[in-house]
Structures are given as C-alpha cells and as structure tokens.
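K.L.:
What follows is data.tsv; its format and atoms are TSV, C-alpha atoms.
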chain	number	residue	atom	x	y	z
R	1	MET	CA	20.95	-14.61	11.48
R	2	ALA	CA	17.63	-14.92	13.27
R	3	ASN	CA	17.56	-16.76	16.59
R	4	CYS	CA	14.28	-18.67	16.54
R	5	SER	CA	13.02	-21.06	19.18
R	6	TYR	CA	10.17	-22.02	21.45
R	7	VAL	CA	10.61	-20.65	24.95
R	8	ARG	CA	8.97	-22.04	28.07
R	9	SER	CA	6.39	-19.59	29.41
R	10	ASP	CA	3.71	-19.12	32.05
R	11	PHE	CA	1.01	-18.82	29.39
R	12	GLN	CA	-2.40	-20.15	30.42
R	13	PRO	CA	-5.11	-20.70	27.78
R	14	PRO	CA	-8.47	-19.04	28.39
R	15	ALA	CA	-11.64	-21.00	28.88
R	16	GLY	CA	-12.55	-22.72	25.64
R	17	GLY	CA	-9.00	-22.48	24.31
R	18	VAL	CA	-9.70	-19.38	22.19
R	19	ILE	CA	-8.10	-15.95	22.56
R	20	SER	CA	-8.11	-12.85	20.35
R	21	ALA	CA	-4.59	-11.92	19.23
R	22	ALA	CA	-4.09	-8.16	19.63
R	23	TYR	CA	-2.44	-5.91	17.08
R	24	HIS	CA	0.17	-3.39	18.18
R	25	ARG	CA	2.07	-0.95	16.00
R	26	PRO	CA	5.84	-1.50	15.87
R	27	VAL	CA	7.79	0.62	18.35
R	28	ALA	CA	11.51	1.26	18.72
R	29	LEU	CA	13.00	0.66	22.15
R	30	GLY	CA	16.72	1.21	22.59
R	31	GLY	CA	17.32	0.92	18.87
R	32	VAL	CA	15.49	-2.43	18.60
R	33	VAL	CA	12.22	-2.63	16.71
R	34	GLN	CA	9.55	-4.43	18.71
R	35	ALA	CA	7.66	-5.94	15.81
R	36	ALA	CA	3.90	-5.81	15.44
R	37	MET	CA	1.64	-8.72	16.29
R	38	PRO	CA	-0.65	-9.98	13.52
R	39	ARG	CA	-3.83	-8.07	12.81
R	40	PRO	CA	-6.75	-8.99	15.09
R	41	ALA	CA	-7.45	-12.67	14.69
R	42	VAL	CA	-8.51	-15.66	16.73
R	43	ALA	CA	-5.66	-17.93	17.85
R	44	ARG	CA	-6.45	-21.42	19.04
R	45	ALA	CA	-4.01	-22.94	21.50
R	46	ALA	CA	-3.63	-26.71	21.43
R	47	GLN	CA	-4.95	-28.52	24.48
R	48	PRO	CA	-2.25	-29.86	26.80
R	49	GLY	CA	-1.48	-33.54	26.65
R	50	GLN	CA	-1.17	-35.94	29.51
R	51	GLY	CA	1.73	-35.79	31.95
R	52	ALA	CA	4.14	-33.04	32.95
R	53	GLY	CA	4.86	-30.26	30.54
R	54	ALA	CA	4.44	-26.56	29.87
R	55	TRP	CA	3.25	-24.01	27.31
R	56	TYR	CA	5.89	-22.62	24.96
R	57	VAL	CA	5.79	-19.39	22.98
R	58	TRP	CA	7.63	-18.79	19.72
R	59	THR	CA	10.32	-16.12	19.58
R	60	CYS	CA	12.34	-15.17	16.53
R	61	ASP	CA	14.80	-12.32	16.97
R	62	THR	CA	17.57	-10.92	14.83
R	63	GLU	CA	19.66	-7.76	14.74
R	64	GLY	CA	17.34	-4.77	15.14
R	65	VAL	CA	14.16	-6.88	15.37
R	66	ALA	CA	12.64	-8.48	18.46
R	67	HIS	CA	9.72	-10.93	18.33
R	68	GLY	CA	9.57	-10.72	14.57
R	69	MET	CA	7.09	-13.59	14.13
R	70	TYR	CA	3.98	-14.85	15.79
R	71	ARG	CA	2.71	-18.37	16.33
R	72	SER	CA	0.08	-19.65	18.71
R	73	PRO	CA	1.47	-21.08	21.97
R	74	VAL	CA	2.02	-24.85	21.95
R	75	TRP	CA	2.06	-27.45	24.71
R	76	MET	CA	5.21	-29.55	25.02
R	77	ALA	CA	5.79	-32.46	27.34
R	78	ASP	CA	8.84	-32.29	29.56
R	79	GLY	CA	11.85	-33.63	27.69
R	80	GLN	CA	10.37	-32.93	24.27
R	81	ALA	CA	12.77	-30.91	22.07
R	82	PRO	CA	11.59	-28.85	19.07
R	83	GLY	CA	12.82	-30.40	15.85
R	84	GLU	CA	13.87	-28.69	12.64
R	85	ALA	CA	10.29	-28.85	11.43
R	86	LEU	CA	9.64	-26.01	13.85
R	87	LEU	CA	12.14	-23.70	12.16
R	88	PRO	CA	10.55	-20.70	10.43
R	89	SER	CA	9.40	-21.07	6.86
R	90	PRO	CA	10.84	-18.89	4.07
R	91	ALA	CA	7.63	-16.83	4.12
R	92	GLU	CA	8.04	-16.19	7.86
R	93	LEU	CA	11.68	-15.23	7.42
R	94	SER	CA	10.71	-12.86	4.61
R	95	ARG	CA	8.67	-10.82	7.08
R	96	VAL	CA	11.69	-10.53	9.38
R	97	ALA	CA	13.83	-9.41	6.44
R	98	ARG	CA	11.22	-6.84	5.42
R	99	ARG	CA	11.20	-5.35	8.92
R	100	GLN	CA	14.97	-4.92	8.71
R	101	LEU	CA	14.79	-2.76	5.58
R	102	ARG	CA	16.15	0.72	6.29
R	103	LEU	CA	14.91	3.06	3.58
R	104	PRO	CA	16.46	6.52	3.21
R	105	SER	CA	14.29	9.60	3.66
R	106	PRO	CA	13.97	11.73	0.50
R	107	ALA	CA	16.03	14.93	0.47
R	108	ILE	CA	14.44	17.55	-1.81
R	109	ALA	CA	16.39	19.85	-4.13
R	110	ALA	CA	15.14	22.38	-6.67
R	111	SER	CA	16.27	25.03	-9.10
R	112	PRO	CA	16.18	28.01	-9.11
R	113	THR	CA	17.73	27.91	-5.65
R	114	GLY	CA	16.45	30.25	-2.96
R	115	GLU	CA	13.28	31.59	-4.63
R	116	GLN	CA	11.21	30.02	-7.37
R	117	LEU	CA	9.69	32.34	-9.95
R	118	VAL	CA	6.12	32.45	-11.25
R	119	ASN	CA	5.84	31.10	-14.82
R	120	LEU	CA	9.47	29.93	-14.80
R	121	PRO	CA	10.12	26.15	-14.81
R	122	THR	CA	11.12	24.69	-11.45
R	123	TRP	CA	13.42	21.67	-11.66
R	124	LEU	CA	12.73	19.02	-9.02
R	125	TRP	CA	15.04	16.23	-7.91
R	126	LEU	CA	16.09	14.14	-4.91
R	127	THR	CA	19.65	14.12	-3.67
R	128	GLY	CA	21.37	10.94	-2.50
R	129	SER	CA	21.30	7.49	-4.04
R	130	TRP	CA	18.42	6.04	-6.04
R	131	ARG	CA	18.98	2.30	-5.79
R	132	PRO	CA	17.47	-0.87	-4.32
R	133	VAL	CA	17.84	-1.52	-0.60
R	134	SER	CA	18.03	-5.08	0.73
R	135	ALA	CA	18.01	-6.96	4.04
R	136	THR	CA	18.48	-10.65	4.80
R	137	ALA	CA	17.17	-12.91	7.56
R	138	SER	CA	18.59	-16.41	8.07
R	139	VAL	CA	18.32	-19.51	10.21
R	140	PRO	CA	20.43	-22.64	9.74
R	141	GLY	CA	19.74	-23.91	6.24
R	142	VAL	CA	17.42	-21.10	5.14
R	143	SER	CA	18.24	-17.54	4.04
R	144	VAL	CA	15.70	-15.04	2.69
R	145	THR	CA	16.36	-11.58	1.26
R	146	ALA	CA	13.86	-8.74	0.94
R	147	VAL	CA	14.57	-6.06	-1.67
R	148	ALA	CA	12.92	-2.63	-1.85
R	149	THR	CA	13.26	-0.90	-5.24
R	150	PRO	CA	12.31	2.77	-5.74
R	151	THR	CA	9.85	3.11	-8.62
R	152	SER	CA	8.40	6.63	-8.61
R	153	VAL	CA	8.08	9.91	-6.72
R	154	SER	CA	4.79	11.68	-5.98
R	155	TRP	CA	5.25	15.43	-5.46
R	156	VAL	CA	2.68	17.63	-3.72
R	157	MET	CA	3.60	21.17	-4.72
R	158	GLY	CA	1.56	23.14	-2.17
R	159	ASP	CA	-0.40	25.09	-4.79
R	160	GLY	CA	-2.96	22.32	-5.33
R	161	SER	CA	-0.86	20.59	-7.98
R	162	THR	CA	0.67	17.12	-7.88
R	163	VAL	CA	3.51	15.77	-10.02
R	164	THR	CA	4.46	12.11	-10.53
R	165	CYS	CA	7.98	11.29	-11.74
R	166	THR	CA	9.35	7.86	-12.58
R	167	GLY	CA	12.80	8.61	-11.19
R	168	PRO	CA	14.63	10.92	-8.80
R	169	GLY	CA	14.65	13.83	-11.27
R	170	THR	CA	17.50	15.62	-13.00
R	171	SER	CA	19.71	18.12	-11.19
R	172	TYR	CA	20.04	21.52	-12.82
R	173	GLN	CA	23.50	22.29	-14.16
R	174	ALA	CA	24.95	25.77	-13.85
R	175	GLY	CA	25.03	27.61	-17.15
R	176	GLY	CA	21.88	25.98	-18.48
R	177	ASP	CA	18.93	27.88	-19.94
R	178	PRO	CA	16.79	28.96	-16.93
R	179	ARG	CA	13.70	28.99	-19.16
R	180	ALA	CA	14.13	25.32	-20.09
R	181	ALA	CA	11.97	22.73	-18.33
R	182	SER	CA	13.49	19.73	-16.58
R	183	PRO	CA	13.64	16.71	-18.91
R	184	THR	CA	12.44	14.36	-16.19
R	185	CYS	CA	10.70	16.11	-13.29
R	186	GLY	CA	9.48	19.66	-12.85
R	187	HIS	CA	6.65	22.09	-12.22
R	188	VAL	CA	5.60	25.63	-13.12
R	189	TYR	CA	4.07	27.80	-10.41
R	190	ARG	CA	1.36	30.17	-11.61
R	191	ARG	CA	0.87	32.11	-8.37
R	192	SER	CA	3.31	33.57	-5.88
R	193	SER	CA	3.42	32.39	-2.28
R	194	THR	CA	3.41	35.88	-0.73
R	195	SER	CA	-0.15	35.59	0.60
R	196	LEU	CA	0.46	32.25	2.37
R	197	PRO	CA	1.58	31.64	5.98
R	198	GLY	CA	5.32	32.22	6.06
R	199	GLN	CA	5.06	33.28	2.39
R	200	VAL	CA	5.99	29.75	1.30
R	201	TYR	CA	4.50	26.67	-0.32
R	202	VAL	CA	4.92	23.47	1.71
R	203	VAL	CA	6.17	20.78	-0.68
R	204	SER	CA	6.41	17.02	-0.09
R	205	ALA	CA	8.00	14.21	-2.09
R	206	THR	CA	6.88	10.61	-1.48
R	207	VAL	CA	9.02	7.78	-2.86
R	208	HIS	CA	7.18	4.55	-3.69
R	209	TRP	CA	9.14	1.34	-3.14
R	210	ARG	CA	8.29	-2.04	-4.67
R	211	VAL	CA	9.17	-4.79	-2.17
R	212	SER	CA	9.88	-8.41	-3.12
R	213	TRP	CA	11.55	-11.35	-1.40
R	214	SER	CA	13.29	-14.55	-2.44
R	215	GLY	CA	15.07	-17.45	-0.82
R	216	ALA	CA	15.05	-21.25	-0.43
R	217	GLY	CA	13.59	-21.58	-3.92
R	218	GLN	CA	10.57	-19.41	-3.05
R	219	GLY	CA	9.61	-15.79	-3.48
R	220	GLY	CA	6.85	-13.24	-3.34
R	221	VAL	CA	5.94	-9.59	-3.01
R	222	PHE	CA	4.83	-7.33	-0.18
R	223	PRO	CA	2.63	-4.24	-0.34
R	224	ASP	CA	4.58	-1.19	-1.47
R	225	LEU	CA	6.38	0.95	1.09
R	226	THR	CA	6.71	4.74	0.99
R	227	THR	CA	9.08	7.33	2.42
R	228	THR	CA	8.35	11.08	2.47
R	229	GLY	CA	10.44	14.23	2.69
R	230	THR	CA	9.26	17.85	2.94
R	231	ALA	CA	10.57	21.31	2.08
R	232	VAL	CA	9.27	24.87	1.68
R	233	PHE	CA	9.46	26.90	-1.54
R	234	ARG	CA	9.22	30.65	-1.68
R	235	VAL	CA	7.72	31.68	-5.04
R	236	ALA	CA	8.04	35.28	-6.21
R	237	GLU	CA	6.56	37.22	-9.10
R	238	SER	CA	9.25	37.49	-11.77
R	239	GLN	CA	8.26	41.02	-12.75
R	240	VAL	CA	8.77	42.23	-9.16
R	241	LEU	CA	12.34	40.93	-9.26
R	242	ASN	CA	12.93	42.51	-12.66
R	243	ASN	CA	11.64	45.87	-11.49
R	244	GLY	CA	14.02	45.66	-8.58
R	245	GLY	CA	16.97	45.01	-10.85
R	246	GLY	CA	17.25	41.29	-9.96
Represent the structure of the file as structure tokens.
P.N.:
Amino acid sequence: MANCSYVRSDFQPPAGGVISAAYHRPVALGGVVQAAMPRPAVARAAQPGQGAGAWYVWTCDTEGVAHGMYRSPVWMADGQAPGEALLPSPAELSRVARRQLRLPSPAIAASPTGEQLVNLPTWLWLTGSWRPVSATASVPGVSVTAVATPTSVSWVMGDGSTVTCTGPGTSYQAGGDPRAASPTCGHVYRRSSTSLPGQVYVVSATVHWRVSWSGAGQGGVFPDLTTTGTAVFRVAESQVLNNGGG
C-alpha cells in the first residue's frame, strides 16, 4: 500500500512563481527504485496565502518505489490538514503500480544444441514462464493493478536476419526429425560463423509486453515495455561435420 502525503519542506518558489521541472532517469539505491520526475515541463507553484504557513511537497512511496509521483509544491496554512481530496487518483496510482512491475529477462534456448548447422532448421524458444505479470498500488479506498502481458518476441539472428514470433517458441523434443522446422519459431542459417569474431553469431531476443491498468472503475494502457536477452550461436558447415564423421 502506497504511503502518500504532503510533507512540510523548505521549498522556496523562484521569482515569478515558475520553475522548470527536471527529468531524471530512475535509479536503484539499496534495492529501492528512485522514480523519475516528469519530463521537462513548467510547474507553477501557488502563491502563499496570508498568515503563518509553509510549502509542502507531495510524496508517495510504496514497497520498492520512492517518490513515485510528482505534484507541484503547495502552500498550506499552519493547522491546515490535507483532506481525502488530496489522495492520489487512480491514474496516479497506476503509474506507481507500473513502476513495481518486475519483468523476467528472456533466457534463450535453441536446437541443435552446441552448434547450429548451415541449411538445417534452428528451433528457437525461450525458457521459463510465458504469462502476464502484475503489480498493485493502493491507498485507503483505492487500489489499482497494472498488468504486463507478453505478446511477441523479436529475434535478431546476427546474420542480418530478424524473426518475429507471436509466442515463446516450441522446445525441440529428442527423437524428432532434425530436418523439420519449428512449428512456431525458427530460422535457417545460410552461412557459417567461422569468419566472425569468436566464430559466433550474437543473437538477441526482445519480448514485447502490452501494459494495461484498472482499478476504482477506471482503466487505461501504457506504452509497451520490452525485455531483452542475448546468446551466441556457433554455426558450422554441415558438410564439414559429415566429412569428419560427425
């Protein structure tokens, strides 16, 4: 559950009451994600009223996320208490939930194992689970859940080819026909990797995640997220192996 409140601060507005809000990439400190500020924008701070008071800044923290929201500083008179109207909206909470999503890194597998062979189908797949991942952020009376669903995998094969698969691929079963292509995700190398650095192709697999959120009778979508894994494939000429008795 997010702990959201206005906290008394020593903030002082600049001349004219206008300040540019900086953007910082999220960083991890001690296992806690220090969330990014909004993209560069102009934030207008309200002018202080009459009497004693102070500027307050908005903080909204939850497990693994610090300062997950941003609002312009506000002036509050001494003795004034923030009411429930100042609680975060579902849309604000959705951003906290999104930042809490922990997406697994793709782990690449292929067949044949060890060396791939020129002109022989290579089966491609990802190990591990292929399922939606969710995270929830809550304040009293409001709970919002963000869900990331894997939709496709973009493979960069290292030989100039790319392959797009709509799922994690199919694992090769021992005893199958080695000349048969994968029914869901595969590639055929036409050149060996012997002339390349390390005699390998560098291969990457990028999973695309569709991200949506819902809660408190509302919902929406975020831009897609991606996760990427890499591996190296050694590709040999099949006739060389045959001549060697392999």
K.L.:
Of the residues R:Thr113, R:Thr194, R:Thr170, R:Ser154, which is the one nearest to Ala236 in chain R, using only C-alpha atoms?
P.N.:
R:Thr194
K.L.:
So the first atom is CA of Val188 in chain R and the second is CA of Thr206 in chain R; what is the distance between them in Å, to one decimal place?
P.N.:
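Pair CA of Val188 in chain R / CA of Thr206 in chain R returns 19.0 Å.
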K.L.:
In Å, how far is it from CA of Arg210 in chain R to CA of Phe222 in chain R?
P.N.:
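Between CA of Arg210 in chain R and CA of Phe222 in chain R the gap works out to 7.8 Å.
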K.L.:
What is the CA of Gly167 in chain R to CA of Val153 in chain R distance in Å?
P.N.:
6.6 Å
K.L.:
Just the residues within 10 Å of Ser89 in chain R, please, counting all atoms listed in the file, with nothing from its chain fewer than 6 positions along; format it as a VMD selection string.
P.N.:
chain R and resid 139 142 to 144 216
K.L.:
For the residues in that selection, give me C-alpha atoms as a PDB file, in the frame of the given file.
P.N.:
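Generated output (again.pdb):
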ATOM      1  CA  VAL R 139      18.320 -19.510  10.210  1.00  0.00           C
ATOM      2  CA  VAL R 142      17.420 -21.100   5.140  1.00  0.00           C
ATOM      3  CA  SER R 143      18.240 -17.540   4.040  1.00  0.00           C
ATOM      4  CA  VAL R 144      15.700 -15.040   2.690  1.00  0.00           C
ATOM      5  CA  ALA R 216      15.050 -21.250  -0.430  1.00  0.00           C
TER       6      ALA R 216
END
K.L.:
Give as number ranges by chain every residue, naming chains and numbers as the document does, that has an atom within 8 Å of (16.6, 19.7, 1.1), counting all atoms listed in the file.
P.N.:
R: 107-109, 127, 230-231
K.L.:
Go ahead and write the selection's residues with C-alpha atoms as a PDB file, in the frame of the given file.
P.N.:
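What ended up in part-v8.pdb:
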ATOM      1  CA  ALA R 107      16.030  14.930   0.470  1.00  0.00           C
ATOM      2  CA  ILE R 108      14.440  17.550  -1.810  1.00  0.00           C
ATOM      3  CA  ALA R 109      16.390  19.850  -4.130  1.00  0.00           C
ATOM      4  CA  THR R 127      19.650  14.120  -3.670  1.00  0.00           C
ATOM      5  CA  THR R 230       9.260  17.850   2.940  1.00  0.00           C
ATOM      6  CA  ALA R 231      10.570  21.310   2.080  1.00  0.00           C
TER       7      ALA R 231
END
K.L.:
Can you list, as an mmCIF file with C-alpha atoms, in the coordinates of the input, every protein, DNA or RNA residue that comes within 9 Å of Thr151 in chain R when you count only C-alpha atoms, leaving out same-chain residues fewer than 6 positions away?
P.N.:
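Everything below was put into out-v6.cif:
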data_model
loop_
_atom_site.group_PDB
_atom_site.id
_atom_site.type_symbol
_atom_site.label_atom_id
_atom_site.label_comp_id
_atom_site.auth_asym_id
_atom_site.auth_seq_id
_atom_site.Cartn_x
_atom_site.Cartn_y
_atom_site.Cartn_z
ATOM 1 C CA CYS R 165 7.980 11.290 -11.740
ATOM 2 C CA THR R 166 9.350 7.860 -12.580
ATOM 3 C CA GLY R 167 12.800 8.610 -11.190
ATOM 4 C CA VAL R 207 9.020 7.780 -2.860
ATOM 5 C CA HIS R 208 7.180 4.550 -3.690
ATOM 6 C CA TRP R 209 9.140 1.340 -3.140
ATOM 7 C CA ARG R 210 8.290 -2.040 -4.670
#
K.L.:
Considering all atoms listed in the file, state which residue in the set R:Gln218, R:Ser171, R:Ser161, R:Ser204 is at the smallest distance from Ser105 in chain R.
P.N.:
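Selected residue with least distance to Ser105 in chain R: R:Ser204.
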K.L.:
When you count only C-alpha atoms, which of these residues is closest to Arg234 in chain R: R:Ser212, R:Ser138, R:Thr162, R:Gln199?
P.N.:
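Checking each candidate against Arg234 in chain R, we get R:Gln199 as the closest.
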